[in-house]
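Reproduced below: protein38.tsv, with TSV, C-alpha atoms (C1' of nucleotides).
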chain	number	residue	atom	x	y	z
G	70	MET	CA	113.12	100.64	56.59
G	71	ASP	CA	109.70	99.74	57.82
G	72	ILE	CA	110.59	97.54	60.74
G	73	MET	CA	106.97	97.40	61.77
G	74	GLN	CA	106.15	95.14	58.88
G	75	GLU	CA	107.21	91.94	60.52
G	76	ILE	CA	106.65	92.47	64.18
G	77	THR	CA	104.13	90.64	66.30
G	78	GLY	CA	103.60	93.46	68.76
G	79	LEU	CA	104.24	91.01	71.57
G	80	GLU	CA	107.96	91.53	71.85
G	81	LEU	CA	107.94	93.61	75.00
G	82	SER	CA	106.69	92.96	78.51
G	83	PRO	CA	103.92	95.16	79.93
G	84	LYS	CA	106.20	97.35	81.94
G	85	LYS	CA	108.65	97.82	79.10
G	86	VAL	CA	105.81	98.96	76.90
G	87	GLU	CA	105.09	101.63	79.48
G	88	TYR	CA	108.68	102.75	79.40
G	89	LEU	CA	108.67	103.18	75.63
G	90	LYS	CA	105.37	105.01	75.64
G	91	PHE	CA	106.64	107.41	78.25
G	92	LEU	CA	109.89	107.99	76.39
G	93	LEU	CA	107.93	108.85	73.28
G	94	LYS	CA	105.62	111.19	75.14
G	95	LYS	CA	108.48	112.94	76.86
G	96	GLY	CA	110.66	113.05	73.78
G	97	GLY	CA	114.38	113.63	73.47
G	98	LEU	CA	116.85	112.73	76.15
G	99	VAL	CA	115.12	111.55	79.30
G	100	LYS	CA	116.57	111.02	82.76
G	101	THR	CA	116.06	107.61	84.31
G	102	THR	CA	114.78	109.48	87.33
G	103	ASP	CA	112.00	111.03	85.29
G	104	ILE	CA	110.98	107.55	84.34
G	105	SER	CA	111.05	106.30	87.89
G	106	ASN	CA	108.91	109.24	88.96
G	107	GLU	CA	106.39	108.75	86.20
G	108	LEU	CA	106.12	105.01	86.59
G	109	ASN	CA	106.41	105.02	90.35
G	110	VAL	CA	109.34	102.71	90.63
G	111	ASP	CA	112.67	103.00	92.37
G	112	PRO	CA	115.37	104.72	90.30
G	113	SER	CA	117.40	101.55	90.43
G	114	THR	CA	114.53	99.72	88.82
G	115	SER	CA	114.26	102.13	85.93
G	116	THR	CA	117.99	102.06	85.37
G	117	LYS	CA	117.95	98.29	85.18
G	118	THR	CA	114.99	98.18	82.86
G	119	ILE	CA	116.54	100.81	80.64
G	120	THR	CA	119.70	98.75	80.49
G	121	ASP	CA	117.60	95.84	79.24
G	122	LEU	CA	115.85	97.98	76.65
G	123	SER	CA	119.18	99.33	75.58
G	124	GLU	CA	120.65	95.88	75.11
G	125	SER	CA	117.64	94.96	73.01
G	126	GLY	CA	118.10	98.02	70.83
G	127	TYR	CA	115.02	100.01	71.72
G	128	VAL	CA	116.84	102.85	73.45
G	129	ASP	CA	120.23	104.46	73.64
G	130	HIS	CA	121.43	104.94	77.16
G	131	VAL	CA	124.36	107.07	78.16
G	132	PRO	CA	124.88	106.34	81.84
G	133	TYR	CA	124.36	109.36	84.09
G	134	ARG	CA	123.20	111.40	81.12
G	135	GLY	CA	119.95	110.05	79.83
G	136	VAL	CA	117.97	107.73	77.61
G	137	GLN	CA	116.57	108.17	74.18
G	138	LEU	CA	114.50	106.04	71.85
G	139	THR	CA	116.30	104.51	68.93
G	140	GLU	CA	114.59	104.63	65.56
G	141	VAL	CA	113.27	101.14	66.15
G	142	GLY	CA	112.22	102.02	69.66
G	143	LYS	CA	110.38	105.05	68.40
G	144	GLN	CA	108.45	103.04	65.86
G	145	TYR	CA	107.53	100.50	68.50
G	146	ALA	CA	106.50	103.25	70.88
G	147	GLU	CA	104.27	104.78	68.24
G	148	PHE	CA	102.67	101.43	67.66
G	149	PHE	CA	102.16	100.99	71.39
G	150	VAL	CA	100.46	104.35	71.70
G	151	ASN	CA	98.24	103.63	68.73
G	152	ARG	CA	97.42	100.22	70.07
G	153	HIS	CA	96.37	101.73	73.34
G	154	ASN	CA	94.26	104.34	71.63
G	155	ILE	CA	92.57	101.97	69.22
G	156	LEU	CA	91.71	99.53	71.96
G	157	SER	CA	90.42	102.24	74.27
G	158	LEU	CA	88.26	103.61	71.52
G	159	MET	CA	86.98	100.13	70.80
G	160	LEU	CA	85.92	99.56	74.39
G	161	THR	CA	84.05	102.83	74.56
G	162	HIS	CA	81.85	101.43	71.80
G	163	TYR	CA	80.65	98.92	74.36
G	164	GLY	CA	79.53	101.38	76.95
G	165	LEU	CA	82.69	101.85	78.95
G	166	SER	CA	83.68	105.40	79.81
G	167	SER	CA	86.93	106.83	78.51
G	168	GLU	CA	88.52	106.39	81.91
G	169	GLU	CA	87.31	102.85	82.32
G	170	SER	CA	88.42	101.92	78.82
G	171	CYS	CA	91.80	103.43	79.33
G	172	ALA	CA	92.32	101.67	82.64
G	173	GLU	CA	91.10	98.39	81.27
G	174	VAL	CA	93.27	98.59	78.20
G	175	SER	CA	96.31	99.45	80.28
G	176	ARG	CA	96.09	96.05	81.84
G	177	PHE	CA	95.98	93.97	78.68
G	178	GLU	CA	97.24	95.99	75.75
G	179	SER	CA	100.66	94.39	75.64
G	180	PHE	CA	99.09	91.04	74.82
G	181	ILE	CA	97.33	92.18	71.68
G	182	SER	CA	99.13	91.45	68.45
G	183	LYS	CA	99.86	93.97	65.78
G	184	ASN	CA	97.90	91.83	63.39
G	185	ALA	CA	94.79	92.15	65.53
G	186	ILE	CA	95.26	95.88	65.88
G	187	ASP	CA	95.60	96.27	62.12
G	188	ARG	CA	92.36	94.41	61.58
G	189	ILE	CA	90.52	96.35	64.24
G	190	CYS	CA	91.87	99.62	62.95
G	191	ASP	CA	90.83	98.70	59.46
G	192	SER	CA	87.41	97.67	60.56
G	193	MET	CA	86.91	100.93	62.43
G	194	GLY	CA	87.85	102.92	59.34
G	195	HIS	CA	91.17	104.19	60.69
G	196	PRO	CA	89.85	106.72	63.16
G	197	THR	CA	92.17	109.59	63.87
G	198	VAL	CA	90.76	110.60	67.20
G	199	GLY	CA	90.62	108.23	70.13
G	200	VAL	CA	89.57	108.70	73.70
G	201	CYS	CA	93.12	108.62	75.01
G	202	GLY	CA	94.70	110.69	72.29
G	203	LYS	CA	95.14	111.02	68.60
G	204	ILE	CA	95.66	107.96	66.46
G	205	LYS	CA	98.17	107.86	63.66
G	206	HIS	CA	98.19	105.22	60.98
G	207	ILE	CA	101.77	104.94	60.04
G	208	SER	CA	102.24	101.34	61.05
G	209	CYS	CA	98.78	99.88	60.78
G	210	GLY	CA	98.80	98.79	57.20
G	211	SER	CA	96.26	101.38	56.19
G	212	LEU	CA	96.29	102.16	52.50
G	213	ASP	CA	95.48	105.78	53.14
G	214	ARG	CA	98.38	106.31	55.46
G	215	LEU	CA	100.21	109.56	54.77
H	422	MET	CA	75.12	82.91	97.44
H	423	ASP	CA	76.03	84.82	94.32
H	424	ILE	CA	79.74	85.13	94.87
H	425	MET	CA	80.16	86.58	91.41
H	426	GLN	CA	78.60	89.82	92.53
H	427	GLU	CA	81.67	91.31	94.03
H	428	ILE	CA	84.53	89.85	92.08
H	429	THR	CA	86.84	91.77	89.81
H	430	GLY	CA	87.56	88.87	87.50
H	431	LEU	CA	91.26	89.53	87.96
H	432	GLU	CA	91.80	87.23	90.91
H	433	LEU	CA	93.54	84.45	89.05
H	434	SER	CA	96.70	84.31	86.98
H	435	PRO	CA	96.48	83.34	83.30
H	436	LYS	CA	97.52	79.78	83.80
H	437	LYS	CA	95.22	79.25	86.74
H	438	VAL	CA	92.35	80.48	84.63
H	439	GLU	CA	93.22	77.75	82.14
H	440	TYR	CA	93.15	75.18	84.89
H	441	LEU	CA	89.69	76.18	86.03
H	442	LYS	CA	88.32	76.28	82.50
H	443	PHE	CA	89.64	72.81	81.85
H	444	LEU	CA	88.25	71.46	85.09
H	445	LEU	CA	84.85	72.82	84.17
H	446	LYS	CA	85.01	71.37	80.68
H	447	LYS	CA	86.09	67.99	81.94
H	448	GLY	CA	83.68	67.96	84.84
H	449	GLY	CA	83.72	65.85	87.98
H	450	LEU	CA	86.84	64.41	89.51
H	451	VAL	CA	89.88	65.07	87.34
H	452	LYS	CA	93.34	63.57	87.59
H	453	THR	CA	96.22	65.99	87.84
H	454	THR	CA	97.77	64.02	85.02
H	455	ASP	CA	94.86	64.82	82.76
H	456	ILE	CA	95.52	68.45	83.44
H	457	SER	CA	99.20	68.14	82.73
H	458	ASN	CA	98.42	66.42	79.45
H	459	GLU	CA	95.87	68.98	78.39
H	460	LEU	CA	97.94	71.98	79.36
H	461	ASN	CA	101.25	70.50	78.30
H	462	VAL	CA	103.03	70.85	81.59
H	463	ASP	CA	104.90	68.43	83.76
H	464	PRO	CA	102.69	66.48	86.18
H	465	SER	CA	104.60	68.03	89.05
H	466	THR	CA	103.65	71.44	87.77
H	467	SER	CA	99.96	70.68	87.68
H	468	THR	CA	100.07	69.16	91.14
H	469	LYS	CA	101.66	72.29	92.52
H	470	THR	CA	99.26	74.61	90.78
H	471	ILE	CA	96.33	72.55	91.96
H	472	THR	CA	97.65	72.75	95.50
H	473	ASP	CA	97.62	76.53	95.15
H	474	LEU	CA	94.11	76.57	93.76
H	475	SER	CA	93.04	74.27	96.54
H	476	GLU	CA	94.50	76.52	99.22
H	477	SER	CA	92.65	79.44	97.66
H	478	GLY	CA	89.40	77.54	97.72
H	479	TYR	CA	88.75	77.08	94.03
H	480	VAL	CA	89.17	73.33	93.98
H	481	ASP	CA	89.10	70.36	96.29
H	482	HIS	CA	92.10	68.15	95.93
H	483	VAL	CA	92.39	64.68	97.36
H	484	PRO	CA	96.02	63.71	96.82
H	485	TYR	CA	96.50	60.75	94.52
H	486	ARG	CA	92.78	60.71	93.80
H	487	GLY	CA	91.78	63.79	91.89
H	488	VAL	CA	90.66	67.39	91.77
H	489	GLN	CA	87.25	68.92	91.58
H	490	LEU	CA	85.94	72.46	91.36
H	491	THR	CA	84.39	73.87	94.50
H	492	GLU	CA	81.16	75.79	94.12
H	493	VAL	CA	83.12	79.02	94.05
H	494	GLY	CA	85.60	77.55	91.59
H	495	LYS	CA	82.79	76.45	89.34
H	496	GLN	CA	81.25	79.89	89.26
H	497	TYR	CA	84.59	81.42	88.48
H	498	ALA	CA	85.21	78.87	85.76
H	499	GLU	CA	81.86	79.63	84.20
H	500	PHE	CA	82.70	83.29	84.21
H	501	PHE	CA	86.07	82.56	82.63
H	502	VAL	CA	84.48	80.55	79.85
H	503	ASN	CA	81.94	83.26	79.19
H	504	ARG	CA	84.57	85.92	79.27
H	505	HIS	CA	86.55	84.03	76.68
H	506	ASN	CA	83.52	83.55	74.49
H	507	ILE	CA	82.29	87.11	74.72
H	508	LEU	CA	85.71	88.51	73.90
H	509	SER	CA	86.21	86.12	71.00
H	510	LEU	CA	82.87	87.02	69.59
H	511	MET	CA	83.70	90.69	69.98
H	512	LEU	CA	86.93	90.37	68.02
H	513	THR	CA	85.23	88.57	65.16
H	514	HIS	CA	83.18	91.72	64.71
H	515	TYR	CA	86.40	93.40	63.69
H	516	GLY	CA	87.31	91.03	60.94
H	517	LEU	CA	89.30	88.43	62.83
H	518	SER	CA	88.51	84.80	62.11
H	519	SER	CA	87.20	82.58	64.87
H	520	GLU	CA	90.58	80.95	65.24
H	521	GLU	CA	92.44	84.23	65.33
H	522	SER	CA	90.03	85.69	67.81
H	523	CYS	CA	90.24	82.70	70.04
H	524	ALA	CA	94.02	82.66	69.96
H	525	GLU	CA	94.22	86.37	70.56
H	526	VAL	CA	91.78	86.28	73.44
H	527	SER	CA	93.62	83.41	75.04
H	528	ARG	CA	96.57	85.69	75.54
H	529	PHE	CA	94.81	88.53	77.29
H	530	GLU	CA	91.50	87.35	78.66
H	531	SER	CA	92.66	87.05	82.24
H	532	PHE	CA	93.31	90.78	82.37
H	533	ILE	CA	89.78	91.83	81.51
H	534	SER	CA	87.60	92.72	84.46
H	535	LYS	CA	84.20	91.30	85.11
H	536	ASN	CA	82.85	94.82	84.99
H	537	ALA	CA	84.09	95.28	81.43
H	538	ILE	CA	82.69	91.93	80.39
H	539	ASP	CA	79.31	92.80	81.85
H	540	ARG	CA	79.22	96.02	79.88
H	541	ILE	CA	80.33	94.40	76.67
H	542	CYS	CA	77.88	91.59	77.12
H	543	ASP	CA	75.14	94.08	77.76
H	544	SER	CA	76.06	96.13	74.78
H	545	MET	CA	76.06	93.07	72.51
H	546	GLY	CA	72.57	92.14	73.70
H	547	HIS	CA	73.65	89.07	75.64
H	548	PRO	CA	74.38	86.77	72.73
H	549	THR	CA	73.97	83.11	73.48
H	550	VAL	CA	76.16	81.77	70.74
H	551	GLY	CA	79.80	82.68	70.45
H	552	VAL	CA	82.52	81.53	68.14
H	553	CYS	CA	84.23	79.44	70.79
H	554	GLY	CA	81.14	78.00	72.37
H	555	LYS	CA	77.83	78.85	73.91
H	556	ILE	CA	77.51	81.82	76.20
H	557	LYS	CA	75.53	81.71	79.39
H	558	HIS	CA	74.45	84.78	81.27
H	559	ILE	CA	74.33	83.63	84.82
H	560	SER	CA	76.99	85.93	86.13
H	561	CYS	CA	76.94	88.85	83.77
H	562	GLY	CA	74.36	91.01	85.46
H	563	SER	CA	71.83	90.52	82.68
H	564	LEU	CA	68.27	91.03	83.76
H	565	ASP	CA	67.13	88.27	81.47
H	566	ARG	CA	69.52	85.76	82.91
H	567	LEU	CA	68.22	82.23	83.46
J	2	DA	C1'	138.77	124.16	91.54
J	3	DT	C1'	137.12	121.63	95.20
J	4	DC	C1'	133.51	119.98	98.26
J	5	DA	C1'	129.08	118.90	99.26
J	6	DA	C1'	124.75	117.70	97.80
J	7	DT	C1'	122.25	115.38	94.53
J	8	DC	C1'	121.55	112.14	90.94
J	9	DA	C1'	122.31	107.58	88.86
J	10	DT	C1'	124.13	103.04	88.86
J	11	DT	C1'	125.55	98.58	90.81
J	12	DG	C1'	125.06	94.66	93.67
J	13	DG	C1'	122.36	92.06	96.41
J	14	DT	C1'	118.06	90.27	97.41
J	15	DA	C1'	112.90	89.41	97.08
J	16	DT	C1'	108.39	88.09	95.11
J	17	DA	C1'	105.08	85.95	91.97
J	18	DA	C1'	104.22	83.02	88.20
J	19	DT	C1'	105.64	79.38	85.77
J	20	DA	C1'	108.35	75.34	84.78
J	21	DC	C1'	111.35	71.06	84.94
J	22	DC	C1'	113.85	67.03	86.96
J	23	DA	C1'	114.83	63.44	90.19
J	24	DA	C1'	113.43	61.11	94.14
J	25	DA	C1'	109.93	59.38	97.07
J	26	DT	C1'	105.45	57.70	97.89
J	27	DA	C1'	100.90	55.92	97.01
J	28	DA	C1'	97.73	53.11	94.12
J	29	DG	C1'	96.46	49.47	91.20
J	30	DT	C1'	97.31	44.99	89.24
J	31	DT	C1'	98.47	40.46	89.07
D	357	DA	C1'	103.35	40.80	98.21
D	358	DA	C1'	105.77	42.54	94.36
D	359	DC	C1'	105.83	45.24	90.47
D	360	DT	C1'	104.33	48.86	87.60
D	361	DT	C1'	102.33	53.13	86.98
D	362	DA	C1'	100.54	57.42	88.73
D	363	DT	C1'	101.23	61.22	91.75
D	364	DT	C1'	103.51	64.10	94.84
D	365	DT	C1'	107.59	66.35	97.09
D	366	DG	C1'	111.79	68.76	97.12
D	367	DG	C1'	114.97	71.17	94.77
D	368	DT	C1'	116.07	74.32	91.33
D	369	DA	C1'	115.51	77.58	87.19
D	370	DT	C1'	113.63	81.51	84.53
D	371	DT	C1'	111.35	85.83	83.57
D	372	DA	C1'	109.42	89.98	85.07
D	373	DT	C1'	109.29	93.08	88.39
D	374	DA	C1'	110.80	95.47	92.52
D	375	DC	C1'	113.37	97.44	96.65
D	376	DC	C1'	117.37	98.76	99.56
D	377	DA	C1'	122.01	99.95	100.62
D	378	DA	C1'	126.27	101.17	98.89
D	379	DT	C1'	129.02	103.10	95.36
D	380	DG	C1'	130.12	106.19	91.84
D	381	DA	C1'	129.28	110.38	88.82
D	382	DT	C1'	127.75	115.12	88.14
D	383	DT	C1'	126.80	119.64	89.39
D	384	DG	C1'	126.35	123.82	91.77
D	385	DA	C1'	128.29	126.74	95.39
D	386	DT	C1'	131.74	128.70	97.39
How does the structure come out when it is put into structure tokens?
Amino acid sequence: MDIMQEITGLELSPKKVEYLKFLLKKGGLVKTTDISNELNVDPSTSTKTITDLSESGYVDHVPYRGVQLTEVGKQYAEFFVNRHNILSLMLTHYGLSSEESCAEVSRFESFISKNAIDRICDSMGHPTVGVCGKIKHISCGSLDRL
Amino acid sequence: MDIMQEITGLELSPKKVEYLKFLLKKGGLVKTTDISNELNVDPSTSTKTITDLSESGYVDHVPYRGVQLTEVGKQYAEFFVNRHNILSLMLTHYGLSSEESCAEVSRFESFISKNAIDRICDSMGHPTVGVCGKIKHISCGSLDRL
DNA sequence: ATCAATCATTGGTATAATACCAAATAAGTT
DNA sequence: AACTTATTTGGTATTATACCAATGATTGAT
């Protein structure tokens, strides 16, 4: 059930990570056009990327109707959001502003392993409030999760 | 003179960063074959990459003879090494081993801005010893540099 | 219920980064 | 000078990302 146990966190490319995070934020059935608006890409680009994500099992795509995270996709997306939040919070501890941290993290987050995030999260005492949003600890290996 | 003043740190692609770091480590005139051995790429690949770096002004390349960092290239390379060391050191503060930190950092270091590194370095009190090697503070904006 | 307008997809093409192979060329060695 | 080894060139491939133009689907209005 817990797919997150054996992942590296490096499975998806930077842009695909953005797609999943947006799908989670939006929730439910999302139009590919919404994605292209949010991520500032041509609709054809989002359709193609969604097709990829669909073939890899992260989303369900019904052409002309919409996209939705699969259960696996949702778990990944939650990890991605947490990863972003943990890392942003971490950088603010070094004197970067929330905005700077967030921008910085956006550039490199997809290259940080789940293992590293788990350690960092652990070491920070599993904070629940970040600078970019709340942090959940469902997939981070925390003993006090739920 | 201090070119490092106005750089973002994001000018070079991940692989090119590796090239410059290796050239700095090796020092002097380096054969493209040495590079291809070190970085595990075909000699033709290293030649092409070096040609790029040469056209961008980071190295001087005399075909069939060798490559050498330009002054600008050397300053960049020094920044890259410091960036790696600072980030590795930072991650060890969160419970990652030296090896883990180093491996982790190797994946994302080229996406961290010089600005962020300067702040982190500042915040850590300009450490001179990292887990991947010594840290110099020539380009980090430290007042106590030199 | 059909047509027009809008939305979404497909097909083609492009770029940057990275890589390999085979062929050609230069260097070094005897 | 010939032969061997090192290096470069030219061609091609892959992955990730992107756009445009054309096609196809959906929907809202009449």
- Excluding Lys183 in chain G and residues on its chain fewer than 5 positions from it, collect all residues at most 10 Å away from it, counting all atoms listed in the file, and give them as a count of residues only. 15
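For the pair CA of Leu138 in chain G and CA of Asp121 in chain G, the separation is 13.0 Å.
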Would you kindly report the residues of chain H within 10 Å of chain D, using only C-alpha atoms (C1' of nucleotides), as a PDB file with C-alpha atoms, keeping the file's coordinate frame?
ATOM      1  CA  LYS H 452      93.340  63.570  87.590  1.00  0.00           C
ATOM      2  CA  THR H 453      96.220  65.990  87.840  1.00  0.00           C
ATOM      3  CA  THR H 454      97.770  64.020  85.020  1.00  0.00           C
ATOM      4  CA  PRO H 464     102.690  66.480  86.180  1.00  0.00           C
ATOM      5  CA  SER H 465     104.600  68.030  89.050  1.00  0.00           C
ATOM      6  CA  THR H 468     100.070  69.160  91.140  1.00  0.00           C
ATOM      7  CA  LYS H 469     101.660  72.290  92.520  1.00  0.00           C
ATOM      8  CA  PRO H 484      96.020  63.710  96.820  1.00  0.00           C
ATOM      9  CA  TYR H 485      96.500  60.750  94.520  1.00  0.00           C
ATOM     10  CA  ARG H 486      92.780  60.710  93.800  1.00  0.00           C
ATOM     11  CA  GLY H 487      91.780  63.790  91.890  1.00  0.00           C
TER      12      GLY H 487
END
- Find the residues of chain H in contact range of chain G, meaning any atom within 9 Å when counting all atoms listed in the file, and list them as number ranges by chain. H: 512, 514-517, 521-522, 525-526, 528-534, 537, 540-545
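With CA of Ala146 in chain G on one side and CA of Leu93 in chain G on the other, the separation reads 6.3 Å.
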- Message: Please identify all residues of chain J having at least one atom at most 10 Å from any atom of chain H, considering only C-alpha atoms (C1' of nucleotides), and return them as a PyMOL selection string.
- Response: chain J and resi 17-22+27-28
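You will find CA of Val200 in chain G at 6.5 Å from CA of Ser157 in chain G.
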Centre and edge lengths, as AutoDock Vina command-line options, for the axis-aligned box enclosing every listed atom of range 367-373 of chain D with 5 Å of padding on each of the six sides, in Å to one decimal?
--center_x 112.7 --center_y 82.1 --center_z 89.2 --size_x 16.8 --size_y 31.9 --size_z 21.2
- Message: So, with all atoms listed in the file as the atoms that count, which of H:Ile456, H:Leu510, H:Ile559, H:Gly478 lies closest to Lys442 in chain H?
- Response: H:Ile456
- Message: Neighbouring residues of Cys201 in chain G were defined as those with any atom within 10 Å, considering only C-alpha atoms (C1' of nucleotides); residues of the same chain fewer than 4 positions away were excluded. Please report them as a PyMOL selection string.
- Response: chain G and resi 150-151+153-158+167-168+170-171
Please, could you write that set of residues out with C-alpha atoms as an mmCIF file, in the coordinates of the input?
data_model
loop_
_atom_site.group_PDB
_atom_site.id
_atom_site.type_symbol
_atom_site.label_atom_id
_atom_site.label_comp_id
_atom_site.auth_asym_id
_atom_site.auth_seq_id
_atom_site.Cartn_x
_atom_site.Cartn_y
_atom_site.Cartn_z
ATOM 1 C CA VAL G 150 100.460 104.350 71.700
ATOM 2 C CA ASN G 151 98.240 103.630 68.730
ATOM 3 C CA HIS G 153 96.370 101.730 73.340
ATOM 4 C CA ASN G 154 94.260 104.340 71.630
ATOM 5 C CA ILE G 155 92.570 101.970 69.220
ATOM 6 C CA LEU G 156 91.710 99.530 71.960
ATOM 7 C CA SER G 157 90.420 102.240 74.270
ATOM 8 C CA LEU G 158 88.260 103.610 71.520
ATOM 9 C CA SER G 167 86.930 106.830 78.510
ATOM 10 C CA GLU G 168 88.520 106.390 81.910
ATOM 11 C CA SER G 170 88.420 101.920 78.820
ATOM 12 C CA CYS G 171 91.800 103.430 79.330
#
Some atoms are missing, so please complete range 73-98 of chain G with N, CA and C atoms and return it as a compact mmCIF listing (two decimals), keeping the file's coordinate frame.
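So out16.txt came out as:
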# COMPACT_ATOMS: atom_id res chain seq x y z
N MET G 73 108.27 97.79 61.23
CA MET G 73 106.97 97.40 61.77
C MET G 73 106.26 96.33 60.96
N GLN G 74 106.80 96.10 59.77
CA GLN G 74 106.15 95.14 58.88
C GLN G 74 106.07 93.74 59.47
N GLU G 75 107.12 93.35 60.15
CA GLU G 75 107.21 91.94 60.52
C GLU G 75 107.15 91.69 62.01
N ILE G 76 106.69 92.67 62.75
CA ILE G 76 106.65 92.47 64.18
C ILE G 76 105.33 91.84 64.62
N THR G 77 105.36 91.23 65.78
CA THR G 77 104.13 90.64 66.30
C THR G 77 103.42 91.62 67.23
N GLY G 78 104.18 92.54 67.79
CA GLY G 78 103.60 93.46 68.76
C GLY G 78 103.67 92.90 70.17
N LEU G 79 104.20 91.68 70.26
CA LEU G 79 104.24 91.01 71.57
C LEU G 79 105.66 90.90 72.10
N GLU G 80 106.55 91.66 71.50
CA GLU G 80 107.96 91.53 71.85
C GLU G 80 108.30 92.03 73.25
N LEU G 81 107.56 93.01 73.72
CA LEU G 81 107.94 93.61 75.00
C LEU G 81 106.96 93.31 76.13
N SER G 82 107.50 93.20 77.32
CA SER G 82 106.69 92.96 78.51
C SER G 82 105.87 94.21 78.85
N PRO G 83 104.80 94.04 79.60
CA PRO G 83 103.92 95.16 79.93
C PRO G 83 104.65 96.40 80.44
N LYS G 84 105.53 96.19 81.37
CA LYS G 84 106.20 97.35 81.94
C LYS G 84 107.11 98.03 80.92
N LYS G 85 107.76 97.25 80.11
CA LYS G 85 108.65 97.82 79.10
C LYS G 85 107.87 98.63 78.08
N VAL G 86 106.67 98.19 77.80
CA VAL G 86 105.81 98.96 76.90
C VAL G 86 105.55 100.33 77.51
N GLU G 87 105.31 100.35 78.80
CA GLU G 87 105.09 101.63 79.48
C GLU G 87 106.30 102.54 79.36
N TYR G 88 107.46 101.95 79.52
CA TYR G 88 108.68 102.75 79.40
C TYR G 88 108.76 103.41 78.03
N LEU G 89 108.56 102.61 76.98
CA LEU G 89 108.67 103.18 75.63
C LEU G 89 107.61 104.25 75.38
N LYS G 90 106.41 104.01 75.85
CA LYS G 90 105.37 105.01 75.64
C LYS G 90 105.73 106.32 76.34
N PHE G 91 106.26 106.18 77.53
CA PHE G 91 106.64 107.41 78.25
C PHE G 91 107.79 108.12 77.55
N LEU G 92 108.75 107.38 77.09
CA LEU G 92 109.89 107.99 76.39
C LEU G 92 109.43 108.74 75.16
N LEU G 93 108.45 108.17 74.46
CA LEU G 93 107.93 108.85 73.28
C LEU G 93 107.20 110.13 73.68
N LYS G 94 106.40 110.03 74.70
CA LYS G 94 105.62 111.19 75.14
C LYS G 94 106.56 112.32 75.57
N LYS G 95 107.54 111.96 76.35
CA LYS G 95 108.48 112.94 76.86
C LYS G 95 109.35 113.51 75.72
N GLY G 96 109.85 112.62 74.91
CA GLY G 96 110.66 113.05 73.78
C GLY G 96 112.07 113.41 74.16
N GLY G 97 112.99 113.25 73.23
CA GLY G 97 114.38 113.63 73.47
C GLY G 97 115.07 112.80 74.53
N LEU G 98 116.05 113.42 75.15
CA LEU G 98 116.85 112.73 76.15
C LEU G 98 116.13 112.77 77.49
